[in-house]
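In what follows, a structure is listed as C-alpha coordinates, so that the remarks can point back to it.
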Amino acid sequence: MNYKNLGVLDCRMTVRVLFVCWANACRSPMSHALATGLVLERGLDVEVDSAAGVRPAAYTSPEAVRAVATRHPDWEEVIDGRAPQSIHDVHGSPEIVVVHAPDALIHCEERFPSSNVLPLYIEDPIGRGQDHYDACCRELEEIVSSVLDDIKSGRLP
(Lines give C-alpha, C1' and ligand atoms only; values in the text may rest on other atoms or scores of the structure.)
Protein backbone atom coordinates (compact mmCIF):
# COMPACT_ATOMS: atom_id res chain seq x y z
CA MET A 1 0.00 0.00 0.00
CA ASN A 2 1.30 3.47 -0.85
CA TYR A 3 0.69 5.60 2.26
CA LYS A 4 1.72 8.79 0.49
CA ASN A 5 -1.39 8.52 -1.65
CA LEU A 6 -3.49 8.40 1.53
CA GLY A 7 -2.11 11.73 2.72
CA VAL A 8 0.05 10.26 5.49
CA LEU A 9 3.01 12.55 6.20
CA ASP A 10 6.49 11.41 5.34
CA CYS A 11 8.18 10.93 8.74
CA ARG A 12 11.75 11.47 7.59
CA MET A 13 13.61 14.06 9.57
CA THR A 14 16.03 16.51 8.02
CA VAL A 15 19.49 15.78 9.40
CA ARG A 16 21.71 18.77 10.23
CA VAL A 17 25.44 18.28 9.71
CA LEU A 18 28.08 20.72 10.95
CA PHE A 19 31.75 20.63 9.92
CA VAL A 20 34.34 21.96 12.40
CA CYS A 21 38.08 22.57 12.27
CA TRP A 22 40.24 24.86 14.37
CA ALA A 23 40.10 28.17 12.48
CA ASN A 24 37.22 27.57 10.05
CA ALA A 25 39.48 28.79 7.26
CA CYS A 26 40.32 25.65 5.25
CA ARG A 27 39.02 22.18 6.08
CA SER A 28 35.55 22.90 7.44
CA PRO A 29 34.63 25.45 4.72
CA MET A 30 35.78 22.99 2.04
CA SER A 31 33.71 20.22 3.67
CA HIS A 32 30.74 22.56 3.86
CA ALA A 33 30.95 23.38 0.15
CA LEU A 34 31.49 19.74 -0.85
CA ALA A 35 28.62 18.50 1.33
CA THR A 36 26.27 21.18 0.01
CA GLY A 37 27.01 20.15 -3.57
CA LEU A 38 26.79 16.42 -2.88
CA VAL A 39 23.49 16.79 -0.99
CA LEU A 40 21.99 18.61 -3.98
CA GLU A 41 23.38 16.08 -6.46
CA ARG A 42 22.05 13.13 -4.46
CA GLY A 43 18.74 14.71 -3.48
CA LEU A 44 19.27 13.97 0.22
CA ASP A 45 17.22 15.34 3.08
CA VAL A 46 20.27 16.82 4.79
CA GLU A 47 20.83 20.39 5.92
CA VAL A 48 24.48 21.33 5.78
CA ASP A 49 24.99 23.75 8.63
CA SER A 50 27.52 26.52 8.25
CA ALA A 51 31.04 25.34 8.91
CA ALA A 52 32.53 26.50 12.20
CA GLY A 53 35.79 26.71 14.09
CA VAL A 54 36.98 26.84 17.67
CA ARG A 55 39.10 29.95 17.06
CA PRO A 56 37.85 31.40 13.76
CA ALA A 57 40.27 33.07 11.39
CA ALA A 58 39.60 36.45 9.82
CA TYR A 59 38.77 34.98 6.38
CA THR A 60 38.46 31.73 4.45
CA SER A 61 41.74 30.71 2.85
CA PRO A 62 41.90 31.66 -0.85
CA GLU A 63 43.68 28.35 -1.49
CA ALA A 64 40.69 26.48 -0.01
CA VAL A 65 38.33 28.40 -2.29
CA ARG A 66 40.57 27.63 -5.27
CA ALA A 67 40.71 23.89 -4.37
CA VAL A 68 36.90 23.63 -4.33
CA ALA A 69 36.56 25.74 -7.48
CA THR A 70 39.06 23.58 -9.33
CA ARG A 71 37.34 20.35 -8.28
CA HIS A 72 33.74 21.57 -8.63
CA PRO A 73 33.46 25.00 -10.32
CA ASP A 74 29.72 25.24 -9.66
CA TRP A 75 30.20 24.83 -5.90
CA GLU A 76 32.66 27.69 -5.41
CA GLU A 77 29.95 30.16 -4.39
CA VAL A 78 29.25 28.15 -1.21
CA ILE A 79 32.76 28.80 0.09
CA ASP A 80 33.84 32.04 -1.62
CA GLY A 81 33.45 35.21 0.45
CA ARG A 82 32.05 33.55 3.56
CA ALA A 83 33.27 34.77 6.93
CA PRO A 84 34.56 32.10 9.33
CA GLN A 85 32.41 31.61 12.40
CA SER A 86 32.79 30.13 15.86
CA ILE A 87 31.13 26.98 17.13
CA HIS A 88 29.42 29.33 19.59
CA ASP A 89 27.70 31.09 16.67
CA VAL A 90 25.88 27.88 15.69
CA HIS A 91 22.23 27.85 16.78
CA GLY A 92 20.93 24.68 18.39
CA SER A 93 22.56 21.30 18.11
CA PRO A 94 23.10 19.61 14.77
CA GLU A 95 22.47 15.87 14.73
CA ILE A 96 26.00 15.28 13.41
CA VAL A 97 29.18 17.29 14.05
CA VAL A 98 32.15 16.26 11.91
CA VAL A 99 35.41 17.36 13.53
CA HIS A 100 38.50 17.65 11.30
CA ALA A 101 40.99 18.93 13.93
CA PRO A 102 42.02 16.84 16.97
CA ASP A 103 42.33 19.96 19.14
CA ALA A 104 38.70 20.86 18.38
CA LEU A 105 37.16 17.58 19.55
CA ILE A 106 36.80 18.40 23.26
CA HIS A 107 35.33 21.80 22.43
CA CYS A 108 32.75 20.22 20.14
CA GLU A 109 31.82 17.54 22.67
CA GLU A 110 31.27 20.26 25.30
CA ARG A 111 29.41 22.64 22.96
CA PHE A 112 27.21 19.97 21.33
CA PRO A 113 26.60 17.31 24.04
CA SER A 114 23.48 15.91 22.34
CA SER A 115 25.08 15.68 18.88
CA ASN A 116 26.76 12.68 17.30
CA VAL A 117 30.34 14.04 17.21
CA LEU A 118 32.52 12.27 14.62
CA PRO A 119 36.30 12.74 14.86
CA LEU A 120 37.28 12.50 11.18
CA TYR A 121 40.65 14.21 11.26
CA ILE A 122 42.58 15.49 8.31
CA GLU A 123 45.90 17.34 8.24
CA ASP A 124 45.62 21.11 8.07
CA PRO A 125 46.88 22.38 4.68
CA ILE A 126 47.42 25.96 5.87
CA GLY A 127 50.70 27.42 4.62
CA ARG A 128 51.68 24.27 2.71
CA GLY A 129 50.88 25.31 -0.87
CA GLN A 130 48.04 24.77 -3.32
CA ASP A 131 48.92 21.12 -3.96
CA HIS A 132 48.22 20.33 -0.30
CA TYR A 133 44.89 22.17 -0.42
CA ASP A 134 43.93 20.24 -3.55
CA ALA A 135 44.87 16.92 -1.92
CA CYS A 136 42.99 17.93 1.23
CA CYS A 137 39.92 18.76 -0.85
CA ARG A 138 39.99 15.32 -2.51
CA GLU A 139 40.34 13.60 0.87
CA LEU A 140 37.55 15.72 2.37
CA GLU A 141 35.26 14.79 -0.50
CA GLU A 142 35.77 11.11 0.33
CA ILE A 143 35.04 11.76 4.02
CA VAL A 144 31.95 13.87 3.28
CA SER A 145 30.67 11.33 0.77
CA SER A 146 31.07 8.54 3.33
CA VAL A 147 29.18 10.52 6.01
CA LEU A 148 26.36 11.23 3.55
CA ASP A 149 26.24 7.54 2.58
CA ASP A 150 25.92 6.64 6.27
CA ILE A 151 23.09 9.14 6.71
CA LYS A 152 21.27 7.82 3.65
CA SER A 153 21.60 4.20 4.81
CA GLY A 154 20.40 5.03 8.34
CA ARG A 155 23.74 4.27 10.06
CA LEU A 156 23.85 7.94 11.12
CA PRO A 157 22.78 9.90 13.11
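Order determines the names: the first chain of the C-alpha coordinates is A, the second B, and so forth; residues in each chain are numbered 1 upward, and ligands are numbered 1 upward as they are shown.
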
Legend entry - Near-stretch 49-62 of chain A list (6 Å; only C-alpha atoms; drop same-chain fewer than 3 positions) as a PyMOL selection string: chain A and resi 17-26+28-29+32+65+83-87

Legend entry - Shell of 12 Å around A:Glu139, only C-alpha atoms, local chain residues under 6 positions omitted, as a VMD selection string: chain A and resid 27 30 to 31 34 67 to 68 71 100 120 to 125 132 to 133 145 to 146

Inset, instruction - Please give the complete set of residues from stretch 81-156 of chain A that DSSP, run on the backbone, assigns to alpha helix (DSSP H), formatted as an MDAnalysis selection string. - result: chainID A and resid 105:111 130:153

Each residue of stretch 96-122 of chain A with at least one atom at most 12 Å from stretch 41-48 of chain A should appear once, together with its nearest atom pair and the corresponding distance in Å (one decimal); atoms considered: only C-alpha atoms; ordering: chain, then increasing residue number; output as JSON lines.
```
{"residue": "A:Ile96", "atom": "CA", "partner": "A:Val48", "partner_atom": "CA", "distance": 9.9}
{"residue": "A:Val97", "atom": "CA", "partner": "A:Val48", "partner_atom": "CA", "distance": 10.3}
{"residue": "A:Val98", "atom": "CA", "partner": "A:Val48", "partner_atom": "CA", "distance": 11.0}
```

Legend entry - Nearest residue to A:Pro119 from the set A:His88, A:Arg155, A:His107, A:Arg66 (distances using only C-alpha atoms):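 Under the stated criterion, the closest residue is A:His107.
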
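For the atom pair formed by atom CA of A:Asp74 and atom CA of A:Gln130, the distance is 19.4 Å, given to one decimal.
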
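Comparing the minimum interatomic distances between A:Lys152 and each of A:Ile126, A:Ile106, A:Val15, A:Ala64, counting only C-alpha atoms, we find that A:Val15 sits nearest.
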
Inset, instruction - For A:Phe112, please output as a PyMOL selection string all residues within 9 Å (counting only C-alpha atoms; exclusion window: fewer than 3 positions along the same chain). - result: chain A and resi 92-94+97+107-109+115-117

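The neighbours of A:Leu148 here are the residues that come within 9 Å of it, using only C-alpha atoms and leaving out any residue fewer than 5 positions away in the same chain; they are A:Ala35, A:Leu38, A:Val39, A:Leu44, A:Val46, A:Ile143, A:Ser153, A:Leu156.
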
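Each of A:Arg111, A:Ala135, A:Ile151, A:Thr14 was compared to A:Asp89 using only C-alpha atoms, and A:Arg111 turns out to be the nearest.
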